[in-house]
Amino acid sequence: MNRIASLARLESREEWDIIVIGGGATGLGIAVDAAQRGFKTLLVEKNDFAKGTSSRSTKLVHGGVRYLAQGNIKLVMEALRERGHMLANAPHLTRIQEFIIPAFNIFQQLYYGAGLWVYDLLSNRFSLGKPRLLGKRKLKKYLPGLNVNGVRGGILYTDGQFDDARFAIALALTAHDIGAVLLNYMSVNGLIKKDGKVTGVLLQDELRSQTFEARGKVVINATGVFVDSILDLDDSASPAAVMPSQGVHLVVDASFFPGNSALMIPKTRDGRVLFAVPWSNAVVLGTTDTPLNSISEEPTALEEEIGFIMDHFNQYCNKKITRNDIKSVFAGLRPLVKTSNTGSTALASRDHTIIVSPSNLITITGGKWTTYRKMAKDAVNNAAFVAKLPIVKCRTRKLRLHGYDPEIAYGQPLSAYGSDAKQIRELINENREWGSFLHPSHVYIKAEVIWAVRMEMAQQVEDVLARRFRLLFVDAQAALDIAPEVARLMAIELKATPEWVEEQLASFTELARGYLA
Ligand SMILES: Cc1cc2nc3c(=O)[nH]c(=O)nc-3n(C[C@H](O)[C@H](O)[C@H](O)COP(=O)(O)OP(=O)(O)OC[C@H]3O[C@@H](n4cnc5c(N)ncnc54)[C@H](O)[C@@H]3O)c2cc1C
């Protein structure tokens, strides 16, 4: 996947069947689906792939136990099915994860046990195992970091866990493998129309001051919380489609919550669930649900959100966390479908919605990472109908994603690259220095920086440290420590100037400060 080659395709001014705006889970899933049906597909992303919400999730591949409690059986069943497909099609980026809900009395244990039994029943042939009731002794074995004072026992159930940004990169690479053209740092700032119908997009290259036009039979707006700005370009009187809600996560060292199982706190003060999930040799704690009036590309955690997560987690764990123990704090924006019934965003539906505008612009929003494939299928079905494209059935249910290798265990060094790991190791023959680690406490090697630039379209230091590696999200200080070396290696590959290195370091330092608590 090479940006210069993609730019050349854009310059050739060919007509596309489908143009996708937005390179998060939704847009990338659409590009994969459309290309797999044989449609000529272009995807443009304003920032880097998954820079938005899709790199900032709780990293769960799940049906959503809490949506079951809200009675949304259809969404839960759909997500459980999709959970099965994600686990099967990308074993190098997903794994089965045990979760435990602590119960303070027998009624709670039976209530949650019954709910989880139904949850498993709904997963049907995609079941990952029946839930089990645990006594206090077993509970301590599974969750050695849990404060068991007053706890009677627990319920163990199984769901999925994944690396969201790496999964997005795998989708981009898959779409590219099957013929789609993808470009990061290419924003849509206007729509081309003929006789009231959208026939293309006006593009701005965010890395160079260059503009382009791309024509397509249909345009899909998959810009997450930003869908309203594209709807505005189409019709300034469009009603808002999204109500954004912020969710924050704190990342702490694994020693604060040792073991392989995740904790699920079923009811917080605002009626949400809160998780402590082992991820990347650390523990992710979250999340919150804060309605917002204004949105930004780099959302920041509110003080009260950080305090809320710390308070809740500290009630449940033996080793209490303080501000100084937080290795990274990150915030993401949920693109919740706007309804007139806007009470608590925690209670708002996680279903997705598709809007077909009179101009034939297709907008898709809402949903969950876990349901990205089903969302893509629905969006492409609508787009094909609107654009009168040949009728081709969706073919992604069993499509193995780029790097698929069932022998590679998720969570090991280089495992996120799947079958590409071999080629990354081979890079070390080109330059022995590339085999060395970038940081004494983390497993990333220099060859991965070279690979990210050559094969995964990384353009900026942030692209490597936040999404090709996950270091900014796991240990923001470590990301700052290795940024100069990453910039140096990238500059050689990109043939960039010393000024570029300086600018990159200044902007990355400013960005990373927001991730330090
Ligand atoms: C805190 C939190 C936790 C979550 N946890 C989970 C979880 O554990 N499991 C799960 O299944 N789901 C989870 N979700 C939901 C899931 O992350 C989102 O539903 C999903 O990532 C949304 O993807 P998207 O592609 O629609 O949006 P985004 O990822 O935001 O992508 C939209 C993209 O469009 C781009 N864009 C915007 N404007 C333009 C333009 N003019 N031109 C070109 N590109 C543009 C943006 O830069 C962005 O990259 C969570 C969400 C949040 C907020």
# chains A, B, ... in the order shown; residues from 1 in each chain; ligands from 1
call {"tool": "residues_around", "arguments": {"residues": "Asn221 of chain A", "least_positions_apart": "6", "cutoff": "6 Å", "atoms": "only C-alpha atoms", "output": "PyMOL selection string"}}
result
chain A and resi 21+362-363
call {"tool": "write_last_selection", "arguments": {"atoms": "N, CA and C atoms", "output": "mmCIF file, in the first residue's frame"}}
result
data_model
loop_
_atom_site.group_PDB
_atom_site.id
_atom_site.type_symbol
_atom_site.label_atom_id
_atom_site.label_comp_id
_atom_site.auth_asym_id
_atom_site.auth_seq_id
_atom_site.Cartn_x
_atom_site.Cartn_y
_atom_site.Cartn_z
ATOM 1 N N ILE A 21 -15.754 8.107 1.856
ATOM 2 C CA ILE A 21 -15.104 9.172 2.635
ATOM 3 C C ILE A 21 -14.986 8.675 4.071
ATOM 4 N N ILE A 362 -24.838 8.695 0.209
ATOM 5 C CA ILE A 362 -25.181 7.680 1.224
ATOM 6 C C ILE A 362 -24.388 7.988 2.488
ATOM 7 N N THR A 363 -25.076 8.086 3.609
ATOM 8 C CA THR A 363 -24.394 8.346 4.881
ATOM 9 C C THR A 363 -24.649 7.174 5.815
#
call {"tool": "closest_atom_pairs", "arguments": {"of": "segment 115-198 of chain A", "to": "segment 320-326 of chain A", "cutoff": "12 Å", "atoms": "only C-alpha atoms", "output": "Markdown table"}}
result
| residue | atom | partner | partner_atom | distance |
| --- | --- | --- | --- | --- |
| A:Gly145 | CA | A:Lys320 | CA | 9.9 |
| A:Leu146 | CA | A:Lys320 | CA | 10.6 |
| A:Asn147 | CA | A:Lys320 | CA | 10.1 |
call {"tool": "residues_around", "arguments": {"residues": "Ser280 of chain A", "least_positions_apart": "4", "cutoff": "12 Å", "atoms": "only C-alpha atoms", "output": "ChimeraX atom specification"}}
result
/A:59,93,161-164,251-254,260,284,410-416,442-444,469-475
call {"tool": "select_by_dssp", "arguments": {"residues": "segment 75-191 of chain A", "states": "helix (DSSP H, G or I)", "output": "PyMOL selection string"}}
result
chain A and resi 75-89+106-126+136-142+164-177
call {"tool": "atom_distance", "arguments": {"atom1": "atom CA of Gly154 of chain A", "atom2": "atom CA of Arg132 of chain A"}}
result
8.4 Å
call {"tool": "select_by_dssp", "arguments": {"residues": "segment 144-183 of chain A", "states": "strand (DSSP E)", "output": "number ranges by chain"}}
result
A: 153-162, 181-183
call {"tool": "write_last_selection", "arguments": {"atoms": "C-alpha atoms", "output": "tab-separated table (two decimals), in the first residue's frame"}}
result
chain	number	residue	atom	x	y	z
A	153	GLY	CA	-18.20	-14.91	44.18
A	154	GLY	CA	-18.37	-14.13	40.52
A	155	ILE	CA	-19.58	-15.10	37.06
A	156	LEU	CA	-17.10	-15.92	34.32
A	157	TYR	CA	-18.10	-15.42	30.69
A	158	THR	CA	-16.24	-15.22	27.40
A	159	ASP	CA	-16.06	-12.54	24.71
A	160	GLY	CA	-13.46	-11.28	22.24
A	161	GLN	CA	-10.61	-8.78	22.47
A	162	PHE	CA	-8.60	-7.12	19.68
A	181	VAL	CA	-7.23	2.51	-3.93
A	182	LEU	CA	-6.74	4.13	-0.53
A	183	LEU	CA	-5.26	7.46	0.51
call {"tool": "closest_residue", "arguments": {"among": "A:Glu503, A:Asp205, A:Glu15, A:Glu485", "to": "Arg3 of chain A", "atoms": "only C-alpha atoms"}}
result
A:Asp205
call {"tool": "closest_residue", "arguments": {"among": "A:Ile178, A:Leu202, A:Ala5, A:Leu116", "to": "ligand 1", "atoms": "only C-alpha atoms and all ligand atoms"}}
result
A:Leu202
call {"tool": "atom_distance", "arguments": {"atom1": "atom CA of Ser236 of chain A", "atom2": "atom CA of Gly367 of chain A"}}
result
24.8 Å
call {"tool": "atom_distance", "arguments": {"atom1": "atom CA of Arg373 of chain A", "atom2": "atom CA of Gln70 of chain A"}}
result
23.2 Å
call {"tool": "closest_residue", "arguments": {"among": "A:Thr300, A:Thr94, A:Thr371, A:Gln210", "to": "ligand 1", "atoms": "only C-alpha atoms and all ligand atoms"}}
result
A:Thr371
call {"tool": "residues_around", "arguments": {"residues": "segment 98-103 of chain A", "least_positions_apart": "4", "cutoff": "10 Å", "atoms": "only C-alpha atoms", "output": "ChimeraX atom specification"}}
result
/A:107-113,128-129,131-136,139,142-143,146-148,150-161,260-266,275-277,316
call {"tool": "write_last_selection", "arguments": {"atoms": "N, CA and C atoms", "output": "compact mmCIF listing (two decimals), in the first residue's frame"}}
result
# COMPACT_ATOMS: atom_id res chain seq x y z
N PHE A 107 -28.17 -13.28 44.99
CA PHE A 107 -29.15 -12.79 44.00
C PHE A 107 -28.44 -12.19 42.80
N GLN A 108 -27.40 -11.39 43.10
CA GLN A 108 -26.61 -10.81 41.98
C GLN A 108 -25.97 -11.92 41.14
N GLN A 109 -25.47 -12.93 41.83
CA GLN A 109 -24.78 -13.99 41.10
C GLN A 109 -25.76 -14.71 40.17
N LEU A 110 -26.97 -14.95 40.68
CA LEU A 110 -27.95 -15.66 39.85
C LEU A 110 -28.48 -14.76 38.74
N TYR A 111 -28.68 -13.47 39.07
CA TYR A 111 -29.20 -12.51 38.08
C TYR A 111 -28.23 -12.37 36.90
N TYR A 112 -26.96 -12.07 37.22
CA TYR A 112 -25.98 -11.91 36.13
C TYR A 112 -25.70 -13.24 35.44
N GLY A 113 -25.71 -14.32 36.22
CA GLY A 113 -25.49 -15.65 35.64
C GLY A 113 -26.57 -15.97 34.61
N LEU A 128 -18.72 -19.04 22.58
CA LEU A 128 -17.31 -19.20 22.98
C LEU A 128 -17.22 -19.98 24.28
N GLY A 129 -18.34 -20.49 24.76
CA GLY A 129 -18.35 -21.27 26.01
C GLY A 129 -19.41 -20.75 26.96
N PRO A 131 -21.23 -19.56 30.44
CA PRO A 131 -20.74 -18.84 31.62
C PRO A 131 -20.65 -19.80 32.81
N ARG A 132 -19.80 -19.46 33.77
CA ARG A 132 -19.65 -20.31 34.96
C ARG A 132 -19.72 -19.46 36.22
N LEU A 133 -20.38 -20.03 37.25
CA LEU A 133 -20.41 -19.34 38.53
C LEU A 133 -19.11 -19.69 39.28
N LEU A 134 -18.50 -18.69 39.89
CA LEU A 134 -17.24 -18.92 40.62
C LEU A 134 -17.44 -18.62 42.10
N GLY A 135 -16.88 -19.47 42.95
CA GLY A 135 -16.86 -19.18 44.38
C GLY A 135 -15.74 -18.18 44.66
N LYS A 136 -15.66 -17.74 45.92
CA LYS A 136 -14.68 -16.69 46.25
C LYS A 136 -13.23 -17.15 46.01
N LEU A 139 -12.50 -17.13 42.37
CA LEU A 139 -12.49 -15.72 41.93
C LEU A 139 -11.12 -15.10 42.19
N TYR A 142 -8.61 -16.31 39.62
CA TYR A 142 -8.73 -15.67 38.30
C TYR A 142 -8.34 -14.19 38.35
N LEU A 143 -8.75 -13.50 39.42
CA LEU A 143 -8.48 -12.06 39.51
C LEU A 143 -7.70 -11.77 40.78
N LEU A 146 -8.11 -8.38 42.60
CA LEU A 146 -9.44 -7.90 43.01
C LEU A 146 -9.53 -7.79 44.53
N ASN A 147 -10.12 -6.71 45.00
CA ASN A 147 -10.40 -6.58 46.43
C ASN A 147 -11.67 -7.38 46.72
N VAL A 148 -11.54 -8.50 47.42
CA VAL A 148 -12.69 -9.41 47.57
C VAL A 148 -13.50 -9.16 48.85
N GLY A 150 -16.28 -8.38 51.04
CA GLY A 150 -17.73 -8.28 50.81
C GLY A 150 -18.20 -8.98 49.56
N VAL A 151 -17.25 -9.52 48.78
CA VAL A 151 -17.65 -10.18 47.53
C VAL A 151 -17.98 -11.64 47.83
N ARG A 152 -19.08 -12.13 47.23
CA ARG A 152 -19.48 -13.52 47.48
C ARG A 152 -18.85 -14.49 46.49
N GLY A 153 -18.74 -14.05 45.24
CA GLY A 153 -18.20 -14.91 44.18
C GLY A 153 -18.25 -14.15 42.88
N GLY A 154 -18.34 -14.84 41.79
CA GLY A 154 -18.37 -14.13 40.52
C GLY A 154 -18.99 -14.96 39.41
N ILE A 155 -19.09 -14.38 38.25
CA ILE A 155 -19.58 -15.10 37.06
C ILE A 155 -18.53 -14.90 35.99
N LEU A 156 -18.10 -16.00 35.39
CA LEU A 156 -17.10 -15.92 34.32
C LEU A 156 -17.81 -16.12 32.98
N TYR A 157 -17.56 -15.23 32.05
CA TYR A 157 -18.10 -15.42 30.69
C TYR A 157 -17.00 -15.07 29.68
N THR A 158 -17.28 -15.37 28.42
CA THR A 158 -16.24 -15.22 27.40
C THR A 158 -16.70 -14.31 26.27
N ASP A 159 -15.79 -13.45 25.83
CA ASP A 159 -16.06 -12.54 24.71
C ASP A 159 -14.77 -12.42 23.91
N GLY A 160 -14.67 -11.42 23.04
CA GLY A 160 -13.46 -11.28 22.24
C GLY A 160 -12.72 -10.00 22.59
N GLN A 161 -11.44 -9.96 22.22
CA GLN A 161 -10.61 -8.78 22.47
C GLN A 161 -9.72 -8.60 21.25
N ASN A 260 -4.79 -13.03 33.59
CA ASN A 260 -5.20 -12.93 32.18
C ASN A 260 -6.67 -12.57 32.01
N SER A 261 -7.43 -12.58 33.11
CA SER A 261 -8.88 -12.32 32.98
C SER A 261 -9.18 -10.84 33.07
N ALA A 262 -10.28 -10.45 32.47
CA ALA A 262 -10.72 -9.05 32.52
C ALA A 262 -11.82 -8.91 33.57
N LEU A 263 -11.92 -7.71 34.12
CA LEU A 263 -12.97 -7.42 35.12
C LEU A 263 -14.08 -6.63 34.44
N MET A 264 -15.32 -7.00 34.75
CA MET A 264 -16.44 -6.20 34.26
C MET A 264 -17.25 -5.75 35.46
N ILE A 265 -17.32 -4.42 35.63
CA ILE A 265 -18.14 -3.86 36.71
C ILE A 265 -19.50 -3.55 36.08
N PRO A 266 -20.57 -4.23 36.48
CA PRO A 266 -21.80 -4.16 35.70
C PRO A 266 -22.61 -2.88 35.83
N PHE A 275 -14.86 -1.55 32.44
CA PHE A 275 -14.00 -2.72 32.23
C PHE A 275 -12.57 -2.45 32.69
N ALA A 276 -11.90 -3.51 33.10
CA ALA A 276 -10.43 -3.50 33.25
C ALA A 276 -9.97 -4.68 32.40
N VAL A 277 -9.33 -4.37 31.25
CA VAL A 277 -9.02 -5.41 30.27
C VAL A 277 -7.51 -5.50 30.04
N TYR A 316 -12.48 -1.53 43.50
CA TYR A 316 -12.48 -2.96 43.18
C TYR A 316 -11.11 -3.62 43.25
call {"tool": "closest_residue", "arguments": {"among": "A:Arg83, A:Arg395, A:Arg137, A:Lys422", "to": "ligand 1", "atoms": "only C-alpha atoms and all ligand atoms"}}
result
A:Arg83
call {"tool": "closest_residue", "arguments": {"among": "A:Arg125, A:Arg13, A:Arg454, A:Arg467", "to": "ligand 1", "atoms": "only C-alpha atoms and all ligand atoms"}}
result
A:Arg467
call {"tool": "closest_residue", "arguments": {"among": "A:Val32, A:Ala170, A:Leu333, A:Val118", "to": "ligand 1", "atoms": "only C-alpha atoms and all ligand atoms"}}
result
A:Leu333
call {"tool": "residues_around", "arguments": {"residues": "segment 506-511 of chain A", "least_positions_apart": "4", "cutoff": "8 Å", "atoms": "only C-alpha atoms", "output": "MDAnalysis selection string"}}
result
chainID A and resid 461:462 480 483 502 515
call {"tool": "residues_around", "arguments": {"residues": "Arg56 of chain A", "least_positions_apart": "2", "cutoff": "7 Å", "atoms": "only C-alpha atoms", "output": "CSV table (one decimal) with N, CA, C and O atoms, in the first residue's frame"}}
result
chain,number,residue,atom,x,y,z
A,53,THR,N,-12.3,7.6,16.0
A,53,THR,CA,-12.8,6.7,17.1
A,53,THR,C,-12.2,5.3,17.0
A,53,THR,O,-12.0,4.6,18.0
A,54,SER,N,-11.9,4.9,15.8
A,54,SER,CA,-11.6,3.5,15.6
A,54,SER,C,-10.2,3.0,16.2
A,54,SER,O,-9.9,1.8,16.2
A,58,THR,N,-12.6,0.4,23.5
A,58,THR,CA,-12.2,-0.5,24.7
A,58,THR,C,-11.5,-1.8,24.2
A,58,THR,O,-11.1,-2.5,25.0
A,330,PHE,N,-6.6,8.2,27.0
A,330,PHE,CA,-7.1,8.6,25.6
A,330,PHE,C,-8.6,8.7,25.6
A,330,PHE,O,-9.3,8.0,26.3
A,331,ALA,N,-9.1,9.5,24.7
A,331,ALA,CA,-10.5,9.8,24.6
A,331,ALA,C,-11.0,9.5,23.2
A,331,ALA,O,-10.2,9.7,22.2
A,332,GLY,N,-12.2,9.0,23.1
A,332,GLY,CA,-12.8,8.7,21.7
A,332,GLY,C,-14.2,9.2,21.7
A,332,GLY,O,-14.8,9.4,22.8
call {"tool": "residues_around", "arguments": {"residues": "Gly52 of chain A", "least_positions_apart": "5", "cutoff": "10 Å", "atoms": "only C-alpha atoms", "output": "PyMOL selection string"}}
result
chain A and resi 22-25+46-47+57+165+223-226+296-299+331-334
call {"tool": "decode", "arguments": {"residues": "segment 243-275 of chain A", "atoms": "N, CA and C atoms", "output": "PDB file, in the first residue's frame"}}
result
ATOM      1  N   MET A 243     -25.297  12.346  17.509  1.00  0.00           N
ATOM      2  CA  MET A 243     -25.068  13.035  18.795  1.00  0.00           C
ATOM      3  C   MET A 243     -23.808  12.404  19.396  1.00  0.00           C
ATOM      4  N   PRO A 244     -22.714  13.200  19.456  1.00  0.00           N
ATOM      5  CA  PRO A 244     -21.449  12.631  19.911  1.00  0.00           C
ATOM      6  C   PRO A 244     -21.421  12.431  21.422  1.00  0.00           C
ATOM      7  N   SER A 245     -20.773  11.348  21.826  1.00  0.00           N
ATOM      8  CA  SER A 245     -20.607  11.103  23.257  1.00  0.00           C
ATOM      9  C   SER A 245     -19.171  10.634  23.475  1.00  0.00           C
ATOM     10  N   GLN A 246     -18.509  11.219  24.471  1.00  0.00           N
ATOM     11  CA  GLN A 246     -17.081  10.923  24.674  1.00  0.00           C
ATOM     12  C   GLN A 246     -16.879   9.755  25.641  1.00  0.00           C
ATOM     13  N   GLY A 247     -15.932   8.910  25.333  1.00  0.00           N
ATOM     14  CA  GLY A 247     -15.537   7.831  26.238  1.00  0.00           C
ATOM     15  C   GLY A 247     -14.046   7.906  26.475  1.00  0.00           C
ATOM     16  N   VAL A 248     -13.645   7.803  27.746  1.00  0.00           N
ATOM     17  CA  VAL A 248     -12.234   7.937  28.113  1.00  0.00           C
ATOM     18  C   VAL A 248     -11.708   6.609  28.658  1.00  0.00           C
ATOM     19  N   HIS A 249     -10.432   6.334  28.391  1.00  0.00           N
ATOM     20  CA  HIS A 249      -9.767   5.152  28.954  1.00  0.00           C
ATOM     21  C   HIS A 249      -8.476   5.578  29.630  1.00  0.00           C
ATOM     22  N   LEU A 250      -8.140   4.886  30.720  1.00  0.00           N
ATOM     23  CA  LEU A 250      -6.833   5.045  31.359  1.00  0.00           C
ATOM     24  C   LEU A 250      -6.072   3.746  31.164  1.00  0.00           C
ATOM     25  N   VAL A 251      -4.770   3.845  30.942  1.00  0.00           N
ATOM     26  CA  VAL A 251      -3.961   2.632  30.803  1.00  0.00           C
ATOM     27  C   VAL A 251      -2.942   2.616  31.947  1.00  0.00           C
ATOM     28  N   VAL A 252      -2.913   1.496  32.671  1.00  0.00           N
ATOM     29  CA  VAL A 252      -1.962   1.363  33.786  1.00  0.00           C
ATOM     30  C   VAL A 252      -1.156   0.086  33.605  1.00  0.00           C
ATOM     31  N   ASP A 253      -0.084  -0.010  34.375  1.00  0.00           N
ATOM     32  CA  ASP A 253       0.780  -1.187  34.298  1.00  0.00           C
ATOM     33  C   ASP A 253       0.000  -2.444  34.690  1.00  0.00           C
ATOM     34  N   ALA A 254       0.376  -3.577  34.082  1.00  0.00           N
ATOM     35  CA  ALA A 254      -0.348  -4.836  34.339  1.00  0.00           C
ATOM     36  C   ALA A 254      -0.282  -5.232  35.809  1.00  0.00           C
ATOM     37  N   SER A 255       0.728  -4.741  36.549  1.00  0.00           N
ATOM     38  CA  SER A 255       0.862  -5.130  37.962  1.00  0.00           C
ATOM     39  C   SER A 255      -0.321  -4.632  38.806  1.00  0.00           C
ATOM     40  N   PHE A 256      -1.053  -3.634  38.313  1.00  0.00           N
ATOM     41  CA  PHE A 256      -2.219  -3.147  39.063  1.00  0.00           C
ATOM     42  C   PHE A 256      -3.395  -4.110  38.978  1.00  0.00           C
ATOM     43  N   PHE A 257      -3.376  -4.963  37.970  1.00  0.00           N
ATOM     44  CA  PHE A 257      -4.457  -5.922  37.840  1.00  0.00           C
ATOM     45  C   PHE A 257      -3.905  -7.172  37.165  1.00  0.00           C
ATOM     46  N   PRO A 258      -3.126  -7.962  37.931  1.00  0.00           N
ATOM     47  CA  PRO A 258      -2.433  -9.098  37.315  1.00  0.00           C
ATOM     48  C   PRO A 258      -3.385 -10.205  36.876  1.00  0.00           C
ATOM     49  N   GLY A 259      -2.893 -11.092  36.065  1.00  0.00           N
ATOM     50  CA  GLY A 259      -3.712 -12.224  35.588  1.00  0.00           C
ATOM     51  C   GLY A 259      -4.151 -12.001  34.162  1.00  0.00           C
ATOM     52  N   ASN A 260      -4.789 -13.027  33.591  1.00  0.00           N
ATOM     53  CA  ASN A 260      -5.202 -12.931  32.184  1.00  0.00           C
ATOM     54  C   ASN A 260      -6.669 -12.572  32.015  1.00  0.00           C
ATOM     55  N   SER A 261      -7.433 -12.581  33.106  1.00  0.00           N
ATOM     56  CA  SER A 261      -8.878 -12.324  32.979  1.00  0.00           C
ATOM     57  C   SER A 261      -9.179 -10.838  33.075  1.00  0.00           C
ATOM     58  N   ALA A 262     -10.279 -10.447  32.468  1.00  0.00           N
ATOM     59  CA  ALA A 262     -10.719  -9.048  32.521  1.00  0.00           C
ATOM     60  C   ALA A 262     -11.816  -8.912  33.573  1.00  0.00           C
ATOM     61  N   LEU A 263     -11.922  -7.714  34.124  1.00  0.00           N
ATOM     62  CA  LEU A 263     -12.969  -7.417  35.116  1.00  0.00           C
ATOM     63  C   LEU A 263     -14.082  -6.632  34.437  1.00  0.00           C
ATOM     64  N   MET A 264     -15.320  -7.004  34.745  1.00  0.00           N
ATOM     65  CA  MET A 264     -16.443  -6.200  34.258  1.00  0.00           C
ATOM     66  C   MET A 264     -17.254  -5.746  35.464  1.00  0.00           C
ATOM     67  N   ILE A 265     -17.319  -4.423  35.632  1.00  0.00           N
ATOM     68  CA  ILE A 265     -18.140  -3.863  36.714  1.00  0.00           C
ATOM     69  C   ILE A 265     -19.499  -3.548  36.078  1.00  0.00           C
ATOM     70  N   PRO A 266     -20.567  -4.227  36.484  1.00  0.00           N
ATOM     71  CA  PRO A 266     -21.803  -4.159  35.702  1.00  0.00           C
ATOM     72  C   PRO A 266     -22.608  -2.877  35.835  1.00  0.00           C
ATOM     73  N   LYS A 267     -22.381  -2.112  36.916  1.00  0.00           N
ATOM     74  CA  LYS A 267     -23.196  -0.896  37.028  1.00  0.00           C
ATOM     75  C   LYS A 267     -22.435   0.218  37.732  1.00  0.00           C
ATOM     76  N   THR A 268     -22.111   1.276  36.982  1.00  0.00           N
ATOM     77  CA  THR A 268     -21.461   2.443  37.581  1.00  0.00           C
ATOM     78  C   THR A 268     -22.551   3.446  37.984  1.00  0.00           C
ATOM     79  N   ARG A 269     -22.097   4.572  38.553  1.00  0.00           N
ATOM     80  CA  ARG A 269     -23.062   5.586  39.019  1.00  0.00           C
ATOM     81  C   ARG A 269     -24.001   6.033  37.910  1.00  0.00           C
ATOM     82  N   ASP A 270     -23.486   6.137  36.639  1.00  0.00           N
ATOM     83  CA  ASP A 270     -24.348   6.613  35.550  1.00  0.00           C
ATOM     84  C   ASP A 270     -24.929   5.452  34.735  1.00  0.00           C
ATOM     85  N   GLY A 271     -24.949   4.274  35.344  1.00  0.00           N
ATOM     86  CA  GLY A 271     -25.641   3.152  34.706  1.00  0.00           C
ATOM     87  C   GLY A 271     -24.852   2.497  33.589  1.00  0.00           C
ATOM     88  N   ARG A 272     -23.536   2.758  33.528  1.00  0.00           N
ATOM     89  CA  ARG A 272     -22.718   2.111  32.502  1.00  0.00           C
ATOM     90  C   ARG A 272     -22.042   0.881  33.072  1.00  0.00           C
ATOM     91  N   VAL A 273     -21.361   0.163  32.179  1.00  0.00           N
ATOM     92  CA  VAL A 273     -20.461  -0.878  32.661  1.00  0.00           C
ATOM     93  C   VAL A 273     -19.042  -0.319  32.571  1.00  0.00           C
ATOM     94  N   LEU A 274     -18.162  -0.824  33.412  1.00  0.00           N
ATOM     95  CA  LEU A 274     -16.764  -0.389  33.372  1.00  0.00           C
ATOM     96  C   LEU A 274     -15.875  -1.624  33.285  1.00  0.00           C
ATOM     97  N   PHE A 275     -14.859  -1.553  32.443  1.00  0.00           N
ATOM     98  CA  PHE A 275     -13.998  -2.719  32.231  1.00  0.00           C
ATOM     99  C   PHE A 275     -12.567  -2.446  32.690  1.00  0.00           C
TER     100      PHE A 275
END
